[in-house]
Amino acid sequence: MTASASNGNPLLSEWQTAFKIPPFAEIAPEHFRPAFDAAMAEHRGELTRIGTDPAAPTFANTIEAIERSGQSLTRVSSVFHNLAGADTSDAIEAIEREMAPLLARHRNALYMDEALAGRVSALWQERATSGLTPEQARVLERYHILFKRSGAGLEPAAKQRIAEISERLAALGTRFGQNVLADEKAYTLVLETEDDLAGLPDDLRAAAANVARERGLPGKYVITLSRSSIEPFLQFSTRRDLREKAFEAWTARGAGGGTTDNTAIVAETVALRAERAGLLGYPTFAHFRLDDSMAKTPEAVLDLLRSVWTPARARASEEASELQDIIGSEGGNFALAPWDWWHYAEKLRKARYDLDEAAIKPYLQLDGVIAAAFDTAHRLFGLTFTPLADTQLYHPDVRAWEVSDASGRHVAVFLGDYFARPSKHSGAWMSGFRGQQKLIGDIRPVIVNVMNFSKGDGETPALLSFDDARTLFHEFGHALHGMLSDVTYPMLAGTNVARDFVEFPSQLFEHWLEQPEVLRRFAHHWQTGEPMPETLLQTILATRTFNQGFATVEFLASALVDFEFHLLQKADGIDPAAFERDVLRKIGMPSEIVMRHRTPHFGHVFSGDGYSAAYYSYLWSEVLDADGFAAFTERGNAFDPDTAQRLLDNVYAAGNRRDPVEAYRGFRGRMPTPDALLRKRGLAPADA
């Protein structure tokens, strides 16, 4: 875009910052709407020229031209959506609500354009004789699929309705996420007396005191609905009444009955998705979604979920009985409830293994876990991470590193945004301010990991639970998938892969956190500097399958409810709460366990289409990662260089160059079975 067209808008100007990181200090909310308008207009002009080109379609004048188009819009959208997730405000949320349907309309205009679709179709018909490279053939295939799945070629009335549905779904997804964030921001459990704090370890008290100061309540303690705050509270608080109060607030997000209630949004979303799938010729939205996935069919997904549900539920029942026994042994005359599970599971773990979370956290400083993730990437892929000083980012808590390969070549910029705050949506994710490509030059990515850990109090550093540390490794696995991408075309870069394959690189990377040599080197006590005692390290590793019945059931319940919603052929007038209850009743959901994500705050599924009919993907990918890590253990070396090179070539660097089945086979030589997953979770029979 020319300087005159940018009109002084930093989002539309050429960035002169180091590594062309967005100039965050210059960007204000009022810049976004005019930047979106200008960038969409520019993109429309580019697409019109491609569609009306009188020359016969070629890969260069059609596919490559589409891939080159929309650079300004990509840049503006990347900055905006990252800020909307990680550092939002009332002004940004207003723009987000306004832009969601407009951006959906813009995307519809691209993929429903009959002139563009006709050119892509002509190239598809000639693909066998056009001399395309394998990567070019893959890009053409992806565009052919996207145009078809977006409604190109349908009758005008059907196309118009699909466009309307897409715009409405975009608006609904935006509102859903904002409602959940509003509920999370509005809630605080204020603890004032020593009795309120009963059972809480020092690090949780310090984190709660810090949150209280940030919220204008010095001298008090605040528990929020961030998972890194609420779960340790449920784990350690001996005040059952406060555990119940906090748990009820946590599970009621998005279901309060007021302006932030998501019930009607869920009902309309499910109905619209079913209608759109029908217009596109699919029996249900689940069929539509899975047609472009590794799983391919709903039957394949249900077979996996049900095969794991049965042993998981049986194990969870055994676990519940053990926890009830503890309650009875302490003189409790109440039945185990969902807000009790974390608390008594922690007691059982301590009794069985002489281990509690409070003993682990002092050895898992945030900086130490980051260093462990960086070192693992260095040993596997030769990467080096150099802090970028004096780089202005979008929030003071965000850090930046330059990433280089073994030869010293610049690979990427990595941003880490680790702490919870009211302006950030809950959860943890990886995203990018810029993706990798070679089509318009050797463009290297700017990747960000966003998390919601509890911040230290100034005297005590941020200390992580083992689950928190696993989350950091998980998201860093996604980040590596983005940073190591080495493809020509943006369409195929990084994490632009099938939804049930995208979790494989991230879940695989989690395995290195559990390697003794990694923990010995980086798990050091924050006060004494002493390494984690060998007995503690071995105990942690021995507890890997502890409480896995619970963890698997809470996940599977969410995955099954998501899937059943999207197996409906018609969903008009559905009552989401009643439907959720009915699904849970049919599968025999234990009364002591609640879904990991209840429907009214299930952002994976309803805050956009990301994991709709696809939350199962985590389990599908876990089948891959459990088998995939065995490729290293079979060599007797968790950092075996030959295996790491195959992993890099076929997965982390490959993006979507090949079908995910082919990519996995290229790495492993074969496809896996669920057996390794069941063993990993401790759900396989003893003699398996």
# chains A, B, ... in the order shown; residues from 1 in each chain; ligands from 1
>>> residues_around(residues="Asp625 of chain A", least_positions_apart="6", cutoff="10 Å", atoms="only C-alpha atoms", output="ChimeraX atom specification")
/A:503-511,619,631,672,676-677
>>> write_last_selection(atoms="N, CA and C atoms", output="JSON list (two decimals), in the first residue's frame")
[["chain", "number", "residue", "atom", "x", "y", "z"],
["A", 503, "GLU", "N", -2.57, -30.71, 16.71],
["A", 503, "GLU", "CA", -2.16, -30.92, 18.10],
["A", 503, "GLU", "C", -1.03, -31.93, 18.24],
["A", 504, "PHE", "N", -0.71, -32.65, 17.17],
["A", 504, "PHE", "CA", 0.36, -33.64, 17.27],
["A", 504, "PHE", "C", 1.71, -33.02, 17.61],
["A", 505, "PRO", "N", 2.18, -31.99, 16.89],
["A", 505, "PRO", "CA", 3.49, -31.43, 17.23],
["A", 505, "PRO", "C", 3.54, -30.84, 18.64],
["A", 506, "SER", "N", 2.43, -30.29, 19.11],
["A", 506, "SER", "CA", 2.42, -29.68, 20.45],
["A", 506, "SER", "C", 2.38, -30.74, 21.54],
["A", 507, "GLN", "N", 1.53, -31.75, 21.37],
["A", 507, "GLN", "CA", 1.44, -32.79, 22.39],
["A", 507, "GLN", "C", 2.69, -33.67, 22.40],
["A", 508, "LEU", "N", 3.28, -33.86, 21.25],
["A", 508, "LEU", "CA", 4.54, -34.61, 21.21],
["A", 508, "LEU", "C", 5.61, -33.89, 22.02],
["A", 509, "PHE", "N", 5.68, -32.57, 21.92],
["A", 509, "PHE", "CA", 6.73, -31.82, 22.61],
["A", 509, "PHE", "C", 6.60, -31.93, 24.12],
["A", 510, "GLU", "N", 5.39, -32.16, 24.62],
["A", 510, "GLU", "CA", 5.19, -32.31, 26.07],
["A", 510, "GLU", "C", 6.05, -33.43, 26.64],
["A", 511, "HIS", "N", 6.32, -34.46, 25.86],
["A", 511, "HIS", "CA", 7.04, -35.63, 26.37],
["A", 511, "HIS", "C", 8.42, -35.25, 26.90],
["A", 619, "LEU", "N", -7.44, -35.86, 21.53],
["A", 619, "LEU", "CA", -7.27, -37.30, 21.76],
["A", 619, "LEU", "C", -6.74, -37.97, 20.50],
["A", 631, "ALA", "N", 9.25, -43.41, 18.80],
["A", 631, "ALA", "CA", 10.30, -43.43, 17.78],
["A", 631, "ALA", "C", 11.64, -43.04, 18.39],
["A", 672, "PRO", "N", -0.30, -45.28, 13.75],
["A", 672, "PRO", "CA", -0.37, -45.88, 15.08],
["A", 672, "PRO", "C", -1.74, -46.51, 15.36],
["A", 676, "ALA", "N", -0.82, -47.32, 22.41],
["A", 676, "ALA", "CA", 0.18, -46.49, 23.10],
["A", 676, "ALA", "C", -0.49, -45.41, 23.93],
["A", 677, "LEU", "N", -1.60, -44.86, 23.45],
["A", 677, "LEU", "CA", -2.35, -43.86, 24.20],
["A", 677, "LEU", "C", -2.87, -44.45, 25.51]]
>>> residues_around(residues="Glu517 of chain A", least_positions_apart="6", cutoff="12 Å", atoms="only C-alpha atoms", output="mmCIF file with C-alpha atoms, in the first residue's frame")
data_model
loop_
_atom_site.group_PDB
_atom_site.id
_atom_site.type_symbol
_atom_site.label_atom_id
_atom_site.label_comp_id
_atom_site.auth_asym_id
_atom_site.auth_seq_id
_atom_site.Cartn_x
_atom_site.Cartn_y
_atom_site.Cartn_z
ATOM 1 C CA ALA A 372 14.089 -26.093 29.499
ATOM 2 C CA ASP A 375 17.163 -26.127 25.439
ATOM 3 C CA THR A 376 14.998 -29.001 24.220
ATOM 4 C CA ALA A 523 14.255 -27.984 37.839
ATOM 5 C CA PRO A 531 18.394 -29.324 41.747
ATOM 6 C CA MET A 532 15.210 -31.264 42.305
ATOM 7 C CA GLU A 534 16.248 -37.482 42.674
ATOM 8 C CA LEU A 537 11.932 -36.418 40.397
ATOM 9 C CA GLN A 538 11.324 -40.147 40.301
ATOM 10 C CA ASN A 637 17.791 -41.556 23.107
ATOM 11 C CA ALA A 638 15.123 -38.889 23.605
ATOM 12 C CA PHE A 639 17.238 -36.569 21.451
#
>>> residues_around(residues="segment 49-65 of chain A", least_positions_apart="5", cutoff="12 Å", atoms="only C-alpha atoms", output="VMD selection string")
chain A and resid 42 to 44 70 to 71 109 to 127 130 to 133 135 to 144 438 to 440 488 to 491
>>> closest_residue(among="A:Met595, A:Leu234, A:Ala152, A:Ala39", to="Trp339 of chain A", atoms="only C-alpha atoms")
A:Leu234
>>> atom_distance(atom1="atom CA of Ala104 of chain A", atom2="atom CA of Glu167 of chain A")
5.2 Å
>>> atom_distance(atom1="atom CA of His525 of chain A", atom2="atom CA of Lys361 of chain A")
8.6 Å
>>> residues_around(residues="Leu536 of chain A", least_positions_apart="2", cutoff="10 Å", atoms="only C-alpha atoms", output="PyMOL selection string")
chain A and resi 353-355+359-360+532-534+538-542
>>> write_last_selection(atoms="C-alpha atoms", output="PDB file, in the first residue's frame")
ATOM      1  CA  TYR A 353       3.440 -41.216  46.853  1.00  0.00           C
ATOM      2  CA  ASP A 354       4.430 -38.860  49.666  1.00  0.00           C
ATOM      3  CA  LEU A 355       4.086 -36.060  47.120  1.00  0.00           C
ATOM      4  CA  ALA A 359       6.695 -29.610  47.084  1.00  0.00           C
ATOM      5  CA  ILE A 360       7.039 -29.473  43.287  1.00  0.00           C
ATOM      6  CA  MET A 532      15.210 -31.264  42.305  1.00  0.00           C
ATOM      7  CA  PRO A 533      16.031 -34.225  44.563  1.00  0.00           C
ATOM      8  CA  GLU A 534      16.248 -37.482  42.674  1.00  0.00           C
ATOM      9  CA  GLN A 538      11.324 -40.147  40.301  1.00  0.00           C
ATOM     10  CA  THR A 539       8.133 -39.749  42.314  1.00  0.00           C
ATOM     11  CA  ILE A 540       6.813 -37.179  39.830  1.00  0.00           C
ATOM     12  CA  LEU A 541       7.514 -39.563  36.972  1.00  0.00           C
ATOM     13  CA  ALA A 542       5.884 -42.410  38.868  1.00  0.00           C
TER      14      ALA A 542
END
>>> select_by_dssp(residues="segment 284-470 of chain A", states="alpha helix (DSSP H)", output="compact mmCIF listing (two decimals) with N, CA and C atoms, in the first residue's frame")
# COMPACT_ATOMS: atom_id res chain seq x y z
N PHE A 285 -23.27 -31.23 10.45
CA PHE A 285 -22.07 -30.41 10.51
C PHE A 285 -20.84 -31.27 10.82
N ALA A 286 -21.00 -32.31 11.63
CA ALA A 286 -19.88 -33.19 11.93
C ALA A 286 -19.36 -33.86 10.66
N HIS A 287 -20.26 -34.30 9.79
CA HIS A 287 -19.84 -34.89 8.52
C HIS A 287 -19.07 -33.87 7.68
N PHE A 288 -19.58 -32.64 7.65
CA PHE A 288 -18.92 -31.57 6.90
C PHE A 288 -17.52 -31.34 7.46
N ARG A 289 -17.43 -31.22 8.77
CA ARG A 289 -16.14 -30.90 9.39
C ARG A 289 -15.11 -32.01 9.15
N LEU A 290 -15.54 -33.25 9.31
CA LEU A 290 -14.59 -34.36 9.25
C LEU A 290 -14.19 -34.74 7.84
N PRO A 298 -17.51 -39.40 11.02
CA PRO A 298 -17.94 -39.41 12.43
C PRO A 298 -17.75 -40.77 13.08
N GLU A 299 -17.92 -41.84 12.32
CA GLU A 299 -17.78 -43.17 12.89
C GLU A 299 -16.36 -43.39 13.43
N ALA A 300 -15.36 -42.90 12.70
CA ALA A 300 -13.98 -43.06 13.15
C ALA A 300 -13.75 -42.33 14.47
N VAL A 301 -14.32 -41.13 14.58
CA VAL A 301 -14.16 -40.36 15.81
C VAL A 301 -14.87 -41.04 16.97
N LEU A 302 -16.12 -41.44 16.76
CA LEU A 302 -16.88 -42.07 17.83
C LEU A 302 -16.24 -43.39 18.27
N ASP A 303 -15.70 -44.13 17.33
CA ASP A 303 -15.01 -45.38 17.69
C ASP A 303 -13.86 -45.09 18.66
N LEU A 304 -13.08 -44.04 18.38
CA LEU A 304 -11.96 -43.70 19.25
C LEU A 304 -12.46 -43.23 20.62
N LEU A 305 -13.40 -42.27 20.62
CA LEU A 305 -13.89 -41.72 21.88
C LEU A 305 -14.49 -42.80 22.76
N ARG A 306 -15.29 -43.68 22.17
CA ARG A 306 -15.95 -44.72 22.97
C ARG A 306 -14.95 -45.78 23.44
N SER A 307 -13.94 -46.05 22.62
CA SER A 307 -12.96 -47.07 23.03
C SER A 307 -12.16 -46.60 24.25
N VAL A 308 -11.99 -45.30 24.40
CA VAL A 308 -11.26 -44.77 25.55
C VAL A 308 -12.21 -44.49 26.71
N TRP A 309 -13.46 -44.13 26.41
CA TRP A 309 -14.43 -43.79 27.46
C TRP A 309 -14.63 -44.95 28.43
N THR A 310 -14.78 -46.15 27.93
CA THR A 310 -15.10 -47.29 28.79
C THR A 310 -14.02 -47.53 29.85
N PRO A 311 -12.74 -47.68 29.48
CA PRO A 311 -11.73 -47.86 30.53
C PRO A 311 -11.53 -46.61 31.38
N ALA A 312 -11.71 -45.43 30.80
CA ALA A 312 -11.54 -44.20 31.57
C ALA A 312 -12.61 -44.08 32.65
N ARG A 313 -13.84 -44.37 32.29
CA ARG A 313 -14.92 -44.28 33.26
C ARG A 313 -14.74 -45.30 34.38
N ALA A 314 -14.30 -46.50 34.02
CA ALA A 314 -14.05 -47.53 35.03
C ALA A 314 -12.95 -47.08 35.99
N ARG A 315 -11.88 -46.49 35.45
CA ARG A 315 -10.79 -46.02 36.30
C ARG A 315 -11.27 -44.85 37.18
N ALA A 316 -12.07 -43.94 36.61
CA ALA A 316 -12.57 -42.81 37.39
C ALA A 316 -13.45 -43.29 38.55
N SER A 317 -14.22 -44.36 38.32
CA SER A 317 -15.06 -44.91 39.38
C SER A 317 -14.20 -45.45 40.52
N GLU A 318 -13.10 -46.11 40.18
CA GLU A 318 -12.17 -46.59 41.21
C GLU A 318 -11.57 -45.42 41.98
N GLU A 319 -11.19 -44.37 41.24
CA GLU A 319 -10.60 -43.20 41.89
C GLU A 319 -11.60 -42.54 42.83
N ALA A 320 -12.86 -42.42 42.40
CA ALA A 320 -13.89 -41.80 43.24
C ALA A 320 -14.07 -42.58 44.54
N SER A 321 -14.04 -43.90 44.46
CA SER A 321 -14.19 -44.72 45.67
C SER A 321 -13.04 -44.47 46.63
N GLU A 322 -11.83 -44.33 46.09
CA GLU A 322 -10.67 -44.06 46.95
C GLU A 322 -10.79 -42.71 47.63
N LEU A 323 -11.27 -41.72 46.90
CA LEU A 323 -11.43 -40.39 47.49
C LEU A 323 -12.54 -40.39 48.55
N GLN A 324 -13.61 -41.12 48.28
CA GLN A 324 -14.69 -41.22 49.27
C GLN A 324 -14.19 -41.89 50.55
N ASP A 325 -13.32 -42.85 50.41
CA ASP A 325 -12.75 -43.51 51.58
C ASP A 325 -11.96 -42.51 52.44
N ILE A 326 -11.24 -41.60 51.79
CA ILE A 326 -10.49 -40.59 52.55
C ILE A 326 -11.45 -39.70 53.31
N ILE A 327 -12.53 -39.27 52.64
CA ILE A 327 -13.52 -38.43 53.31
C ILE A 327 -14.06 -39.14 54.54
N GLY A 328 -14.39 -40.44 54.38
CA GLY A 328 -14.90 -41.20 55.50
C GLY A 328 -13.89 -41.35 56.62
N SER A 329 -12.63 -41.58 56.26
CA SER A 329 -11.58 -41.76 57.27
C SER A 329 -11.35 -40.50 58.09
N PRO A 338 -18.08 -32.57 42.93
CA PRO A 338 -17.06 -32.10 41.98
C PRO A 338 -16.07 -31.11 42.58
N TRP A 339 -16.50 -30.25 43.51
CA TRP A 339 -15.58 -29.27 44.09
C TRP A 339 -14.66 -29.90 45.14
N ASP A 340 -14.87 -31.19 45.42
CA ASP A 340 -14.00 -31.90 46.36
C ASP A 340 -12.89 -32.68 45.65
N TRP A 341 -13.08 -32.97 44.37
CA TRP A 341 -12.19 -33.94 43.71
C TRP A 341 -10.72 -33.51 43.78
N TRP A 342 -10.43 -32.27 43.38
CA TRP A 342 -9.03 -31.82 43.37
C TRP A 342 -8.41 -31.93 44.78
N HIS A 343 -9.20 -31.55 45.77
CA HIS A 343 -8.69 -31.50 47.15
C HIS A 343 -8.33 -32.90 47.65
N TYR A 344 -9.22 -33.84 47.47
CA TYR A 344 -8.96 -35.18 48.00
C TYR A 344 -8.03 -35.98 47.10
N ALA A 345 -8.00 -35.67 45.81
CA ALA A 345 -7.02 -36.30 44.95
C ALA A 345 -5.61 -35.89 45.37
N GLU A 346 -5.45 -34.62 45.78
CA GLU A 346 -4.14 -34.16 46.26
C GLU A 346 -3.76 -34.90 47.54
N LYS A 347 -4.75 -35.12 48.41
CA LYS A 347 -4.47 -35.87 49.65
C LYS A 347 -4.08 -37.32 49.34
N LEU A 348 -4.78 -37.92 48.38
CA LEU A 348 -4.46 -39.30 48.01
C LEU A 348 -3.08 -39.39 47.41
N ARG A 349 -2.75 -38.43 46.57
CA ARG A 349 -1.42 -38.46 45.96
C ARG A 349 -0.34 -38.35 47.03
N LYS A 350 -0.56 -37.47 48.00
CA LYS A 350 0.43 -37.32 49.07
C LYS A 350 0.54 -38.59 49.90
N ALA A 351 -0.61 -39.21 50.17
CA ALA A 351 -0.59 -40.43 50.98
C ALA A 351 0.07 -41.58 50.22
N ARG A 352 -0.22 -41.69 48.93
CA ARG A 352 0.27 -42.82 48.15
C ARG A 352 1.73 -42.66 47.75
N TYR A 353 2.10 -41.43 47.40
CA TYR A 353 3.44 -41.22 46.85
C TYR A 353 4.30 -40.30 47.71
N GLU A 357 1.69 -31.04 45.50
CA GLU A 357 2.04 -30.02 44.51
C GLU A 357 2.93 -28.94 45.10
N ALA A 358 2.71 -28.63 46.38
CA ALA A 358 3.49 -27.57 47.03
C ALA A 358 4.97 -27.92 47.09
N ALA A 359 5.29 -29.21 47.07
CA ALA A 359 6.70 -29.61 47.08
C ALA A 359 7.34 -29.49 45.71
N ILE A 360 6.51 -29.51 44.66
CA ILE A 360 7.04 -29.47 43.29
C ILE A 360 7.29 -28.05 42.82
N LEU A 366 9.07 -20.28 36.44
CA LEU A 366 8.70 -20.01 35.06
C LEU A 366 9.94 -19.89 34.17
N ASP A 367 10.92 -19.10 34.60
CA ASP A 367 12.11 -18.90 33.77
C ASP A 367 12.87 -20.20 33.54
N GLY A 368 12.88 -21.07 34.54
CA GLY A 368 13.55 -22.35 34.38
C GLY A 368 12.84 -23.25 33.38
N VAL A 369 11.51 -23.22 33.39
CA VAL A 369 10.75 -24.05 32.46
C VAL A 369 10.89 -23.51 31.04
N ILE A 370 10.89 -22.18 30.89
CA ILE A 370 11.15 -21.59 29.57
C ILE A 370 12.52 -22.03 29.07
N ALA A 371 13.51 -21.97 29.94
CA ALA A 371 14.87 -22.37 29.55
C ALA A 371 14.90 -23.84 29.16
N ALA A 372 14.13 -24.67 29.84
CA ALA A 372 14.09 -26.09 29.50
C ALA A 372 13.48 -26.30 28.12
N ALA A 373 12.42 -25.56 27.82
CA ALA A 373 11.80 -25.67 26.49
C ALA A 373 12.77 -25.21 25.40
N PHE A 374 13.46 -24.11 25.66
CA PHE A 374 14.43 -23.61 24.68
C PHE A 374 15.56 -24.62 24.47
N ASP A 375 16.06 -25.19 25.56
CA ASP A 375 17.16 -26.13 25.44
C ASP A 375 16.74 -27.39 24.70
N THR A 376 15.50 -27.83 24.94
CA THR A 376 15.00 -29.00 24.22
C THR A 376 14.95 -28.72 22.72
N ALA A 377 14.47 -27.53 22.35
CA ALA A 377 14.44 -27.15 20.93
C ALA A 377 15.85 -27.05 20.36
N HIS A 378 16.80 -26.62 21.18
CA HIS A 378 18.19 -26.54 20.72
C HIS A 378 18.76 -27.93 20.46
N ARG A 379 18.51 -28.85 21.38
CA ARG A 379 19.07 -30.20 21.24
C ARG A 379 18.40 -30.98 20.11
N LEU A 380 17.13 -30.72 19.88
CA LEU A 380 16.43 -31.43 18.80
C LEU A 380 16.70 -30.81 17.44
N PHE A 381 16.61 -29.47 17.38
CA PHE A 381 16.59 -28.80 16.08
C PHE A 381 17.68 -27.74 15.90
N PHE A 466 3.16 -28.76 37.84
CA PHE A 466 3.65 -29.60 36.75
C PHE A 466 2.72 -29.50 35.55
N ASP A 467 1.40 -29.37 35.79
CA ASP A 467 0.46 -29.19 34.69
C ASP A 467 0.70 -27.87 33.97
N ASP A 468 1.02 -26.82 34.73
CA ASP A 468 1.35 -25.53 34.10
C ASP A 468 2.58 -25.68 33.20
N ALA A 469 3.59 -26.37 33.73
CA ALA A 469 4.81 -26.57 32.94
C ALA A 469 4.52 -27.37 31.68
N ARG A 470 3.63 -28.36 31.79
CA ARG A 470 3.24 -29.14 30.62
C ARG A 470 2.53 -28.25 29.60
>>> closest_residue(among="A:Phe385, A:Phe501, A:Tyr363, A:Tyr221", to="Thr528 of chain A", atoms="only C-alpha atoms")
A:Tyr363
